[in-house]
Amino acid sequence: RRCGITSSTMAVRSFCLAISTATSVLLLVLALCALGVRGQKTTQKISVGFLNPTFSGKEGEVAAAIVKVEVPKDFKFGDSDESLTILVTSEDGEAKAGHDFEAVDSTIILTKEDLYKIKDDPTHQYIAVPISLTEDDYIEPSQTFTLTLEVQSTLDFGEGITSATFTITNEGSDTVKISFDQPTYTAYVSQNAPLKLLKTGHIRQNISVDVVFSNGSLIQTILFEPLQDVIEVSFDPGSETATYSLSLALAEPSHNLEG
């Protein structure tokens, strides 16, 4: 009987040990699984958006807005013919379509083959959208308009920068100043007084400037050409001693010209 009790006890102990070992193994497996899940990255998505929130270009040139498409190395494609469509459009701001730039309405279609190329070689992930900027003869400051990006696809994607500001810079956008070279002039009676007009800043077209008396009567109209910085004006003071007040006035208004 003692041997039987001893055998039973040992069997129970062995059974308990087996259960304990199995439980430990199970707990270890569950812990490893938990760590695996915790260490796993979330499902990777294709990322689409503008490369930058701002772009710029000079008046008269064809510039570009850059779209960036990233396809993760572990991205899984389905069996169907999947593709990704990117729409880029413009919205007027200070710059107006048809006047300062050609309206943007671009459609970019990336097939599964295109996306595989981007996935295998990231150098293919940058796509240029041409922006045609109109050249004119007006003196004007830099102007902006907005670009908007929209993505259409059944693929799992995430949008990056979807709105960007495009700035058109103008060579003649700096403030131009036209002034007398000194605040007072003295001339002898019946002798012409030489006056000098100075121009600072860049212009791309001729500018007409009126030299007038304080009462508004015209003395002479001066034409400044783009390469001229100094112009001499001959003023006849008359045959009597007198003091005159002269001023400058633009023959044609320009919002970035100072006198």
# chains A, B, ... in the order shown; residues from 1 in each chain; ligands from 1
$ residues_around --residues "range 66-76 of chain A" --least-positions-apart "5" --cutoff "9 Å" --atoms "only C-alpha atoms" --output "ChimeraX atom specification"
/A:43-52,55,115-116,118-120,122,124-130,149,160
$ write_last_selection --atoms "N, CA, C and O atoms" --output "tab-separated table (two decimals), in the first residue's frame"
chain	number	residue	atom	x	y	z
A	43	THR	N	-0.21	48.74	-40.79
A	43	THR	CA	-0.28	48.50	-42.23
A	43	THR	C	0.26	49.70	-42.99
A	43	THR	O	-0.15	50.83	-42.77
A	44	GLN	N	1.23	49.46	-43.85
A	44	GLN	CA	1.87	50.52	-44.60
A	44	GLN	C	0.95	51.04	-45.70
A	44	GLN	O	0.23	50.28	-46.34
A	45	LYS	N	1.01	52.36	-45.91
A	45	LYS	CA	0.18	52.99	-46.92
A	45	LYS	C	1.06	53.71	-47.93
A	45	LYS	O	2.18	54.13	-47.63
A	46	ILE	N	0.53	53.87	-49.13
A	46	ILE	CA	1.18	54.71	-50.13
A	46	ILE	C	0.96	56.16	-49.70
A	46	ILE	O	-0.15	56.55	-49.35
A	47	SER	N	2.02	56.94	-49.71
A	47	SER	CA	1.93	58.35	-49.31
A	47	SER	C	1.99	59.24	-50.55
A	47	SER	O	2.88	59.09	-51.39
A	48	VAL	N	1.02	60.16	-50.66
A	48	VAL	CA	0.95	61.05	-51.83
A	48	VAL	C	0.75	62.49	-51.35
A	48	VAL	O	-0.11	62.75	-50.49
A	49	GLY	N	1.51	63.42	-51.89
A	49	GLY	CA	1.35	64.82	-51.53
A	49	GLY	C	2.37	65.69	-52.24
A	49	GLY	O	3.27	65.18	-52.92
A	50	PHE	N	2.21	67.00	-52.11
A	50	PHE	CA	3.21	67.90	-52.66
A	50	PHE	C	4.52	67.74	-51.90
A	50	PHE	O	4.52	67.45	-50.69
A	51	LEU	N	5.63	67.95	-52.58
A	51	LEU	CA	6.93	67.85	-51.93
A	51	LEU	C	7.10	68.94	-50.89
A	51	LEU	O	7.65	68.72	-49.81
A	52	ASN	N	6.61	70.15	-51.21
A	52	ASN	CA	6.72	71.30	-50.31
A	52	ASN	C	5.38	72.04	-50.25
A	52	ASN	O	4.57	71.94	-51.17
A	55	PHE	N	5.88	76.77	-53.67
A	55	PHE	CA	6.68	76.70	-54.89
A	55	PHE	C	6.75	78.10	-55.47
A	55	PHE	O	5.94	78.97	-55.12
A	115	LEU	N	3.78	52.05	-59.94
A	115	LEU	CA	3.94	52.02	-58.49
A	115	LEU	C	5.01	51.02	-58.07
A	115	LEU	O	5.74	51.25	-57.10
A	116	TYR	N	5.12	49.90	-58.80
A	116	TYR	CA	6.19	48.94	-58.52
A	116	TYR	C	7.56	49.57	-58.78
A	116	TYR	O	8.52	49.33	-58.05
A	118	ILE	N	8.30	52.74	-58.49
A	118	ILE	CA	8.56	53.64	-57.37
A	118	ILE	C	8.97	52.85	-56.13
A	118	ILE	O	9.87	53.25	-55.38
A	119	LYS	N	8.32	51.73	-55.93
A	119	LYS	CA	8.63	50.87	-54.78
A	119	LYS	C	10.05	50.34	-54.86
A	119	LYS	O	10.78	50.31	-53.86
A	120	ASP	N	10.47	49.93	-56.05
A	120	ASP	CA	11.80	49.34	-56.24
A	120	ASP	C	12.90	50.39	-56.35
A	120	ASP	O	14.05	50.14	-55.99
A	122	PRO	N	13.23	54.47	-55.48
A	122	PRO	CA	12.64	55.72	-54.99
A	122	PRO	C	12.94	56.96	-55.84
A	122	PRO	O	12.31	58.00	-55.67
A	124	HIS	N	12.08	57.39	-58.69
A	124	HIS	CA	10.90	57.61	-59.53
A	124	HIS	C	9.74	58.25	-58.77
A	124	HIS	O	8.67	58.44	-59.33
A	125	GLN	N	9.95	58.58	-57.49
A	125	GLN	CA	8.83	59.02	-56.67
A	125	GLN	C	8.48	60.50	-56.83
A	125	GLN	O	7.49	60.98	-56.30
A	126	TYR	N	9.29	61.24	-57.58
A	126	TYR	CA	9.03	62.67	-57.78
A	126	TYR	C	8.43	62.92	-59.16
A	126	TYR	O	9.01	62.52	-60.18
A	127	ILE	N	7.29	63.60	-59.18
A	127	ILE	CA	6.59	63.88	-60.43
A	127	ILE	C	6.39	65.38	-60.56
A	127	ILE	O	5.87	66.03	-59.66
A	128	ALA	N	6.83	65.93	-61.70
A	128	ALA	CA	6.74	67.38	-61.91
A	128	ALA	C	5.45	67.73	-62.65
A	128	ALA	O	5.12	67.13	-63.67
A	129	VAL	N	4.73	68.69	-62.10
A	129	VAL	CA	3.53	69.22	-62.75
A	129	VAL	C	3.90	70.58	-63.33
A	129	VAL	O	4.24	71.51	-62.58
A	130	PRO	N	3.90	70.75	-64.66
A	130	PRO	CA	4.31	72.03	-65.26
A	130	PRO	C	3.35	73.16	-64.94
A	130	PRO	O	2.14	72.99	-64.94
A	149	LEU	N	-4.23	69.34	-54.36
A	149	LEU	CA	-3.97	67.96	-54.79
A	149	LEU	C	-5.06	67.04	-54.24
A	149	LEU	O	-5.43	67.13	-53.07
A	160	GLY	N	-0.40	63.45	-47.98
A	160	GLY	CA	0.55	64.32	-47.31
A	160	GLY	C	0.10	65.76	-47.44
A	160	GLY	O	-1.01	66.12	-47.05
$ select_by_dssp --residues "range 115-149 of chain A" --states "helix (DSSP H, G or I)" --output "number ranges by chain"
A: 115-120, 122-124
$ closest_residue --among "A:Glu159, A:Glu59, A:Glu102, A:Asp114" --to "Asp81 in chain A" --atoms "only C-alpha atoms"
A:Asp114
$ residues_around --residues "Thr154 in chain A" --least-positions-apart "3" --cutoff "8 Å" --atoms "only C-alpha atoms" --output "number ranges by chain"
A: 82-84
$ residues_around --residues "Tyr185 in chain A" --least-positions-apart "2" --cutoff "10 Å" --atoms "only C-alpha atoms" --output "list of chain:residue names"
A:Phe180, A:Asp181, A:Gln182, A:Pro183, A:Ala187, A:Ala193, A:Pro194, A:Leu195, A:Thr243, A:Tyr244
$ select_by_dssp --residues "range 119-159 of chain A" --states "strand (DSSP E)" --output "ChimeraX atom specification"
/A:126-132,143-153,157-159
$ atom_distance --atom1 "CA of Val104 in chain A" --atom2 "CA of Leu147 in chain A"
8.0 Å
$ atom_distance --atom1 "CA of Thr184 in chain A" --atom2 "CA of Val233 in chain A"
14.1 Å
$ residues_around --residues "range 87-92 of chain A" --least-positions-apart "2" --cutoff "10 Å" --atoms "only C-alpha atoms" --output "mmCIF file with all heavy atoms, in the first residue's frame"
data_model
loop_
_atom_site.group_PDB
_atom_site.id
_atom_site.type_symbol
_atom_site.label_atom_id
_atom_site.label_comp_id
_atom_site.auth_asym_id
_atom_site.auth_seq_id
_atom_site.Cartn_x
_atom_site.Cartn_y
_atom_site.Cartn_z
ATOM 1 N N PHE A 50 2.214 66.998 -52.106
ATOM 2 C CA PHE A 50 3.213 67.902 -52.660
ATOM 3 C C PHE A 50 4.521 67.744 -51.896
ATOM 4 O O PHE A 50 4.517 67.448 -50.690
ATOM 5 C CB PHE A 50 2.748 69.358 -52.557
ATOM 6 C CG PHE A 50 1.639 69.723 -53.514
ATOM 7 C CD1 PHE A 50 0.407 70.138 -53.029
ATOM 8 C CD2 PHE A 50 1.834 69.653 -54.882
ATOM 9 C CE1 PHE A 50 -0.615 70.483 -53.897
ATOM 10 C CE2 PHE A 50 0.811 69.996 -55.761
ATOM 11 C CZ PHE A 50 -0.414 70.405 -55.273
ATOM 12 N N ALA A 65 5.541 72.310 -60.067
ATOM 13 C CA ALA A 65 5.200 71.919 -58.699
ATOM 14 C C ALA A 65 5.501 70.420 -58.616
ATOM 15 O O ALA A 65 5.151 69.672 -59.527
ATOM 16 C CB ALA A 65 3.738 72.194 -58.397
ATOM 17 N N VAL A 67 5.194 66.693 -57.070
ATOM 18 C CA VAL A 67 4.376 65.756 -56.300
ATOM 19 C C VAL A 67 5.264 64.573 -55.902
ATOM 20 O O VAL A 67 6.023 64.054 -56.730
ATOM 21 C CB VAL A 67 3.175 65.255 -57.130
ATOM 22 C CG1 VAL A 67 2.407 64.174 -56.355
ATOM 23 C CG2 VAL A 67 2.252 66.411 -57.482
ATOM 24 N N THR A 85 -4.739 57.656 -59.095
ATOM 25 C CA THR A 85 -4.931 58.882 -59.881
ATOM 26 C C THR A 85 -4.738 60.103 -59.000
ATOM 27 O O THR A 85 -5.314 60.195 -57.915
ATOM 28 C CB THR A 85 -6.344 58.919 -60.507
ATOM 29 O OG1 THR A 85 -6.509 57.772 -61.352
ATOM 30 C CG2 THR A 85 -6.535 60.188 -61.326
ATOM 31 N N GLU A 94 -3.964 86.313 -55.693
ATOM 32 C CA GLU A 94 -3.590 87.605 -56.270
ATOM 33 C C GLU A 94 -3.292 87.435 -57.757
ATOM 34 O O GLU A 94 -3.580 88.312 -58.569
ATOM 35 C CB GLU A 94 -2.355 88.161 -55.543
ATOM 36 C CG GLU A 94 -2.566 88.407 -54.062
ATOM 37 C CD GLU A 94 -1.256 88.476 -53.302
ATOM 38 O OE1 GLU A 94 -0.253 87.929 -53.781
ATOM 39 O OE2 GLU A 94 -1.263 89.086 -52.221
ATOM 40 N N ALA A 95 -2.694 86.303 -58.100
ATOM 41 C CA ALA A 95 -2.446 85.965 -59.504
ATOM 42 C C ALA A 95 -3.699 85.315 -60.088
ATOM 43 O O ALA A 95 -4.338 84.486 -59.445
ATOM 44 C CB ALA A 95 -1.257 85.017 -59.612
ATOM 45 N N LYS A 96 -4.047 85.695 -61.306
ATOM 46 C CA LYS A 96 -5.269 85.215 -61.948
ATOM 47 C C LYS A 96 -4.944 84.318 -63.144
ATOM 48 O O LYS A 96 -4.086 84.650 -63.968
ATOM 49 C CB LYS A 96 -6.133 86.397 -62.421
ATOM 50 C CG LYS A 96 -6.404 87.447 -61.353
ATOM 51 C CD LYS A 96 -7.166 86.884 -60.163
ATOM 52 C CE LYS A 96 -7.437 87.960 -59.115
ATOM 53 N NZ LYS A 96 -8.083 87.408 -57.898
ATOM 54 N N ALA A 97 -5.672 83.193 -63.215
ATOM 55 C CA ALA A 97 -5.517 82.289 -64.349
ATOM 56 C C ALA A 97 -5.969 82.989 -65.624
ATOM 57 O O ALA A 97 -6.952 83.714 -65.633
ATOM 58 C CB ALA A 97 -6.335 81.020 -64.125
ATOM 59 N N GLY A 98 -5.216 82.771 -66.697
ATOM 60 C CA GLY A 98 -5.537 83.415 -67.961
ATOM 61 C C GLY A 98 -4.880 84.764 -68.121
ATOM 62 O O GLY A 98 -4.819 85.300 -69.223
ATOM 63 N N ASP A 100 -2.090 85.873 -65.402
ATOM 64 C CA ASP A 100 -0.756 85.725 -64.823
ATOM 65 C C ASP A 100 -0.181 84.323 -65.000
ATOM 66 O O ASP A 100 1.040 84.141 -64.942
ATOM 67 C CB ASP A 100 -0.789 86.066 -63.332
ATOM 68 C CG ASP A 100 -1.269 87.491 -63.085
ATOM 69 O OD1 ASP A 100 -0.613 88.418 -63.576
ATOM 70 O OD2 ASP A 100 -2.306 87.668 -62.427
ATOM 71 N N PHE A 101 -1.037 83.341 -65.191
ATOM 72 C CA PHE A 101 -0.592 81.955 -65.396
ATOM 73 C C PHE A 101 -1.692 81.171 -66.099
ATOM 74 O O PHE A 101 -2.851 81.598 -66.129
ATOM 75 C CB PHE A 101 -0.257 81.292 -64.048
ATOM 76 C CG PHE A 101 -1.453 81.086 -63.148
ATOM 77 C CD1 PHE A 101 -2.117 79.871 -63.109
ATOM 78 C CD2 PHE A 101 -1.927 82.115 -62.347
ATOM 79 C CE1 PHE A 101 -3.228 79.682 -62.291
ATOM 80 C CE2 PHE A 101 -3.028 81.941 -61.521
ATOM 81 C CZ PHE A 101 -3.674 80.720 -61.495
ATOM 82 N N GLU A 102 -1.304 80.057 -66.699
ATOM 83 C CA GLU A 102 -2.291 79.190 -67.327
ATOM 84 C C GLU A 102 -2.913 78.299 -66.253
ATOM 85 O O GLU A 102 -2.208 77.724 -65.421
ATOM 86 C CB GLU A 102 -1.635 78.330 -68.408
ATOM 87 C CG GLU A 102 -1.159 79.115 -69.614
ATOM 88 C CD GLU A 102 -0.595 78.225 -70.696
ATOM 89 O OE1 GLU A 102 -0.811 76.989 -70.621
ATOM 90 O OE2 GLU A 102 0.055 78.746 -71.613
ATOM 91 N N ALA A 103 -4.239 78.223 -66.265
ATOM 92 C CA ALA A 103 -4.936 77.420 -65.263
ATOM 93 C C ALA A 103 -4.386 75.994 -65.234
ATOM 94 O O ALA A 103 -4.104 75.399 -66.274
ATOM 95 C CB ALA A 103 -6.430 77.406 -65.558
ATOM 96 N N VAL A 104 -4.215 75.476 -64.030
ATOM 97 C CA VAL A 104 -3.665 74.125 -63.857
ATOM 98 C C VAL A 104 -4.802 73.135 -63.645
ATOM 99 O O VAL A 104 -5.655 73.315 -62.779
ATOM 100 C CB VAL A 104 -2.709 74.074 -62.643
ATOM 101 C CG1 VAL A 104 -2.135 72.674 -62.470
ATOM 102 C CG2 VAL A 104 -1.598 75.102 -62.814
ATOM 103 N N ASP A 105 -4.822 72.103 -64.472
ATOM 104 C CA ASP A 105 -5.816 71.031 -64.340
ATOM 105 C C ASP A 105 -5.155 69.746 -64.839
ATOM 106 O O ASP A 105 -5.432 69.267 -65.930
ATOM 107 C CB ASP A 105 -7.071 71.358 -65.144
ATOM 108 C CG ASP A 105 -8.210 70.375 -64.865
ATOM 109 O OD1 ASP A 105 -8.045 69.526 -63.965
ATOM 110 O OD2 ASP A 105 -9.247 70.453 -65.550
ATOM 111 N N SER A 106 -4.257 69.206 -64.023
ATOM 112 C CA SER A 106 -3.430 68.063 -64.418
ATOM 113 C C SER A 106 -3.929 66.770 -63.780
ATOM 114 O O SER A 106 -4.309 66.756 -62.611
ATOM 115 C CB SER A 106 -1.969 68.290 -64.023
ATOM 116 O OG SER A 106 -1.439 69.415 -64.685
ATOM 117 N N THR A 107 -3.903 65.716 -64.568
ATOM 118 C CA THR A 107 -4.273 64.388 -64.081
ATOM 119 C C THR A 107 -3.088 63.448 -64.267
ATOM 120 O O THR A 107 -2.584 63.291 -65.379
ATOM 121 C CB THR A 107 -5.489 63.829 -64.848
ATOM 122 O OG1 THR A 107 -6.600 64.723 -64.680
ATOM 123 C CG2 THR A 107 -5.874 62.448 -64.318
ATOM 124 N N ILE A 108 -2.652 62.847 -63.183
ATOM 125 C CA ILE A 108 -1.529 61.902 -63.217
ATOM 126 C C ILE A 108 -2.076 60.522 -62.863
ATOM 127 O O ILE A 108 -2.656 60.332 -61.790
ATOM 128 C CB ILE A 108 -0.440 62.297 -62.207
ATOM 129 C CG1 ILE A 108 0.035 63.728 -62.468
ATOM 130 C CG2 ILE A 108 0.727 61.322 -62.254
ATOM 131 C CD1 ILE A 108 0.847 64.309 -61.326
ATOM 132 N N ILE A 109 -1.915 59.559 -63.773
ATOM 133 C CA ILE A 109 -2.391 58.192 -63.527
ATOM 134 C C ILE A 109 -1.177 57.279 -63.378
ATOM 135 O O ILE A 109 -0.360 57.155 -64.292
ATOM 136 C CB ILE A 109 -3.292 57.702 -64.664
ATOM 137 C CG1 ILE A 109 -4.528 58.607 -64.786
ATOM 138 C CG2 ILE A 109 -3.715 56.246 -64.422
ATOM 139 C CD1 ILE A 109 -5.439 58.246 -65.941
ATOM 140 N N VAL A 129 4.730 68.689 -62.095
ATOM 141 C CA VAL A 129 3.532 69.224 -62.746
ATOM 142 C C VAL A 129 3.900 70.583 -63.335
ATOM 143 O O VAL A 129 4.241 71.510 -62.585
ATOM 144 C CB VAL A 129 2.375 69.392 -61.731
ATOM 145 C CG1 VAL A 129 1.157 70.001 -62.417
ATOM 146 C CG2 VAL A 129 2.027 68.047 -61.104
ATOM 147 N N ILE A 131 3.919 74.331 -64.640
ATOM 148 C CA ILE A 131 3.157 75.540 -64.346
ATOM 149 C C ILE A 131 3.627 76.630 -65.309
ATOM 150 O O ILE A 131 4.766 77.105 -65.209
ATOM 151 C CB ILE A 131 3.363 76.014 -62.894
ATOM 152 C CG1 ILE A 131 3.182 74.854 -61.897
ATOM 153 C CG2 ILE A 131 2.436 77.174 -62.584
ATOM 154 C CD1 ILE A 131 1.774 74.346 -61.774
ATOM 155 N N THR A 144 0.537 85.464 -55.833
ATOM 156 C CA THR A 144 0.395 84.059 -55.464
ATOM 157 C C THR A 144 -0.935 83.481 -55.935
ATOM 158 O O THR A 144 -1.899 84.207 -56.159
ATOM 159 C CB THR A 144 0.487 83.864 -53.934
ATOM 160 O OG1 THR A 144 -0.594 84.570 -53.311
ATOM 161 C CG2 THR A 144 1.803 84.382 -53.398
ATOM 162 N N PHE A 145 -0.950 82.164 -56.088
ATOM 163 C CA PHE A 145 -2.184 81.411 -56.281
ATOM 164 C C PHE A 145 -2.014 80.065 -55.588
ATOM 165 O O PHE A 145 -0.918 79.728 -55.117
ATOM 166 C CB PHE A 145 -2.535 81.254 -57.769
ATOM 167 C CG PHE A 145 -1.524 80.473 -58.585
ATOM 168 C CD1 PHE A 145 -1.671 79.109 -58.780
ATOM 169 C CD2 PHE A 145 -0.440 81.116 -59.168
ATOM 170 C CE1 PHE A 145 -0.757 78.393 -59.537
ATOM 171 C CE2 PHE A 145 0.484 80.413 -59.931
ATOM 172 C CZ PHE A 145 0.327 79.053 -60.111
ATOM 173 N N THR A 146 -3.083 79.309 -55.489
ATOM 174 C CA THR A 146 -3.069 78.064 -54.711
ATOM 175 C C THR A 146 -3.171 76.840 -55.602
ATOM 176 O O THR A 146 -3.923 76.824 -56.580
ATOM 177 C CB THR A 146 -4.238 78.051 -53.707
ATOM 178 O OG1 THR A 146 -4.132 79.189 -52.851
ATOM 179 C CG2 THR A 146 -4.220 76.785 -52.856
ATOM 180 N N LEU A 147 -2.414 75.817 -55.261
ATOM 181 C CA LEU A 147 -2.495 74.512 -55.928
ATOM 182 C C LEU A 147 -3.120 73.511 -54.953
ATOM 183 O O LEU A 147 -2.775 73.489 -53.776
ATOM 184 C CB LEU A 147 -1.107 74.027 -56.344
ATOM 185 C CG LEU A 147 -0.392 74.834 -57.427
ATOM 186 C CD1 LEU A 147 1.043 74.342 -57.587
ATOM 187 C CD2 LEU A 147 -1.138 74.743 -58.753
ATOM 188 N N THR A 148 -4.025 72.697 -55.473
ATOM 189 C CA THR A 148 -4.704 71.692 -54.643
ATOM 190 C C THR A 148 -4.488 70.306 -55.235
ATOM 191 O O THR A 148 -4.560 70.122 -56.456
ATOM 192 C CB THR A 148 -6.212 71.982 -54.550
ATOM 193 O OG1 THR A 148 -6.406 73.299 -54.012
ATOM 194 C CG2 THR A 148 -6.904 70.975 -53.645
ATOM 195 N N LEU A 149 -4.231 69.336 -54.358
ATOM 196 C CA LEU A 149 -3.975 67.957 -54.787
ATOM 197 C C LEU A 149 -5.056 67.038 -54.236
ATOM 198 O O LEU A 149 -5.427 67.129 -53.067
ATOM 199 C CB LEU A 149 -2.590 67.514 -54.308
ATOM 200 C CG LEU A 149 -2.114 66.104 -54.656
ATOM 201 C CD1 LEU A 149 -0.587 66.108 -54.835
ATOM 202 C CD2 LEU A 149 -2.491 65.100 -53.566
ATOM 203 N N GLU A 150 -5.555 66.149 -55.105
ATOM 204 C CA GLU A 150 -6.569 65.166 -54.698
ATOM 205 C C GLU A 150 -6.166 63.791 -55.228
ATOM 206 O O GLU A 150 -5.657 63.676 -56.344
ATOM 207 C CB GLU A 150 -7.936 65.567 -55.256
ATOM 208 C CG GLU A 150 -9.056 64.611 -54.880
ATOM 209 C CD GLU A 150 -10.376 64.966 -55.556
ATOM 210 O OE1 GLU A 150 -10.476 66.077 -56.117
ATOM 211 O OE2 GLU A 150 -11.296 64.120 -55.529
ATOM 212 N N VAL A 151 -6.383 62.758 -54.423
ATOM 213 C CA VAL A 151 -6.011 61.393 -54.805
ATOM 214 C C VAL A 151 -7.262 60.532 -54.928
ATOM 215 O O VAL A 151 -8.148 60.588 -54.071
ATOM 216 C CB VAL A 151 -5.046 60.759 -53.778
ATOM 217 C CG1 VAL A 151 -4.632 59.362 -54.226
ATOM 218 C CG2 VAL A 151 -3.823 61.634 -53.581
ATOM 219 N N GLN A 152 -7.323 59.749 -55.990
ATOM 220 C CA GLN A 152 -8.423 58.801 -56.191
ATOM 221 C C GLN A 152 -7.826 57.415 -56.442
ATOM 222 O O GLN A 152 -7.050 57.227 -57.385
ATOM 223 C CB GLN A 152 -9.288 59.228 -57.385
ATOM 224 C CG GLN A 152 -9.969 60.583 -57.203
ATOM 225 C CD GLN A 152 -10.720 61.025 -58.443
ATOM 226 O OE1 GLN A 152 -10.614 60.416 -59.506
ATOM 227 N NE2 GLN A 152 -11.494 62.106 -58.315
ATOM 228 N N THR A 162 -1.555 68.552 -49.256
ATOM 229 C CA THR A 162 -2.546 68.592 -50.332
ATOM 230 C C THR A 162 -2.837 70.009 -50.832
ATOM 231 O O THR A 162 -3.606 70.187 -51.777
ATOM 232 C CB THR A 162 -3.868 67.954 -49.880
ATOM 233 O OG1 THR A 162 -4.349 68.653 -48.712
ATOM 234 C CG2 THR A 162 -3.664 66.484 -49.531
ATOM 235 N N SER A 163 -2.247 71.007 -50.196
ATOM 236 C CA SER A 163 -2.445 72.393 -50.634
ATOM 237 C C SER A 163 -1.109 73.118 -50.590
ATOM 238 O O SER A 163 -0.377 73.027 -49.600
ATOM 239 C CB SER A 163 -3.459 73.106 -49.737
ATOM 240 O OG SER A 163 -3.661 74.446 -50.168
ATOM 241 N N ALA A 164 -0.777 73.808 -51.685
ATOM 242 C CA ALA A 164 0.498 74.518 -51.757
ATOM 243 C C ALA A 164 0.285 75.909 -52.351
ATOM 244 O O ALA A 164 -0.606 76.113 -53.179
ATOM 245 C CB ALA A 164 1.504 73.734 -52.596
ATOM 246 N N THR A 165 1.105 76.837 -51.920
ATOM 247 C CA THR A 165 1.052 78.206 -52.434
ATOM 248 C C THR A 165 2.135 78.387 -53.489
ATOM 249 O O THR A 165 3.301 78.066 -53.249
ATOM 250 C CB THR A 165 1.276 79.235 -51.307
ATOM 251 O OG1 THR A 165 0.250 79.078 -50.331
ATOM 252 C CG2 THR A 165 1.233 80.654 -51.852
ATOM 253 N N PHE A 166 1.731 78.887 -54.656
ATOM 254 C CA PHE A 166 2.705 79.144 -55.730
ATOM 255 C C PHE A 166 2.885 80.657 -55.856
ATOM 256 O O PHE A 166 1.914 81.398 -55.980
ATOM 257 C CB PHE A 166 2.234 78.560 -57.060
ATOM 258 C CG PHE A 166 3.337 78.456 -58.084
ATOM 259 C CD1 PHE A 166 3.959 77.255 -58.316
ATOM 260 C CD2 PHE A 166 3.774 79.580 -58.777
ATOM 261 C CE1 PHE A 166 5.005 77.160 -59.223
ATOM 262 C CE2 PHE A 166 4.810 79.506 -59.682
ATOM 263 C CZ PHE A 166 5.429 78.290 -59.919
#
$ atom_distance --atom1 "CA of Asp121 in chain A" --atom2 "CA of Ala64 in chain A"
22.1 Å
$ residues_around --residues "Gly60 in chain A" --least-positions-apart "3" --cutoff "6 Å" --atoms "only C-alpha atoms" --output "list in words"
Leu133, Thr134 and Glu135 of chain A
$ write_last_selection --atoms "all heavy atoms" --output "PDB file, in the first residue's frame"
ATOM      1  N   LEU A 133       3.802  80.272 -66.603  1.00  0.00           N
ATOM      2  CA  LEU A 133       3.622  81.618 -66.064  1.00  0.00           C
ATOM      3  C   LEU A 133       3.691  82.637 -67.198  1.00  0.00           C
ATOM      4  O   LEU A 133       4.587  82.585 -68.042  1.00  0.00           O
ATOM      5  CB  LEU A 133       4.700  81.917 -65.022  1.00  0.00           C
ATOM      6  CG  LEU A 133       4.841  80.850 -63.922  1.00  0.00           C
ATOM      7  CD1 LEU A 133       5.996  81.193 -62.995  1.00  0.00           C
ATOM      8  CD2 LEU A 133       3.544  80.731 -63.137  1.00  0.00           C
ATOM      9  N   THR A 134       2.747  83.557 -67.205  1.00  0.00           N
ATOM     10  CA  THR A 134       2.617  84.523 -68.293  1.00  0.00           C
ATOM     11  C   THR A 134       3.505  85.734 -68.057  1.00  0.00           C
ATOM     12  O   THR A 134       3.581  86.254 -66.950  1.00  0.00           O
ATOM     13  CB  THR A 134       1.153  84.987 -68.426  1.00  0.00           C
ATOM     14  OG1 THR A 134       0.315  83.839 -68.550  1.00  0.00           O
ATOM     15  CG2 THR A 134       0.973  85.873 -69.644  1.00  0.00           C
ATOM     16  N   GLU A 135       4.165  86.183 -69.123  1.00  0.00           N
ATOM     17  CA  GLU A 135       4.989  87.392 -69.028  1.00  0.00           C
ATOM     18  C   GLU A 135       4.192  88.583 -69.541  1.00  0.00           C
ATOM     19  O   GLU A 135       3.490  88.488 -70.549  1.00  0.00           O
ATOM     20  CB  GLU A 135       6.262  87.232 -69.851  1.00  0.00           C
ATOM     21  CG  GLU A 135       7.205  88.413 -69.724  1.00  0.00           C
ATOM     22  CD  GLU A 135       8.543  88.155 -70.387  1.00  0.00           C
ATOM     23  OE1 GLU A 135       8.648  87.186 -71.165  1.00  0.00           O
ATOM     24  OE2 GLU A 135       9.478  88.931 -70.129  1.00  0.00           O
TER      25      GLU A 135
END
$ closest_residue --among "A:Ile86, A:Gly158, A:Thr200, A:Ser247" --to "Gln220 in chain A" --atoms "only C-alpha atoms"
A:Ser247
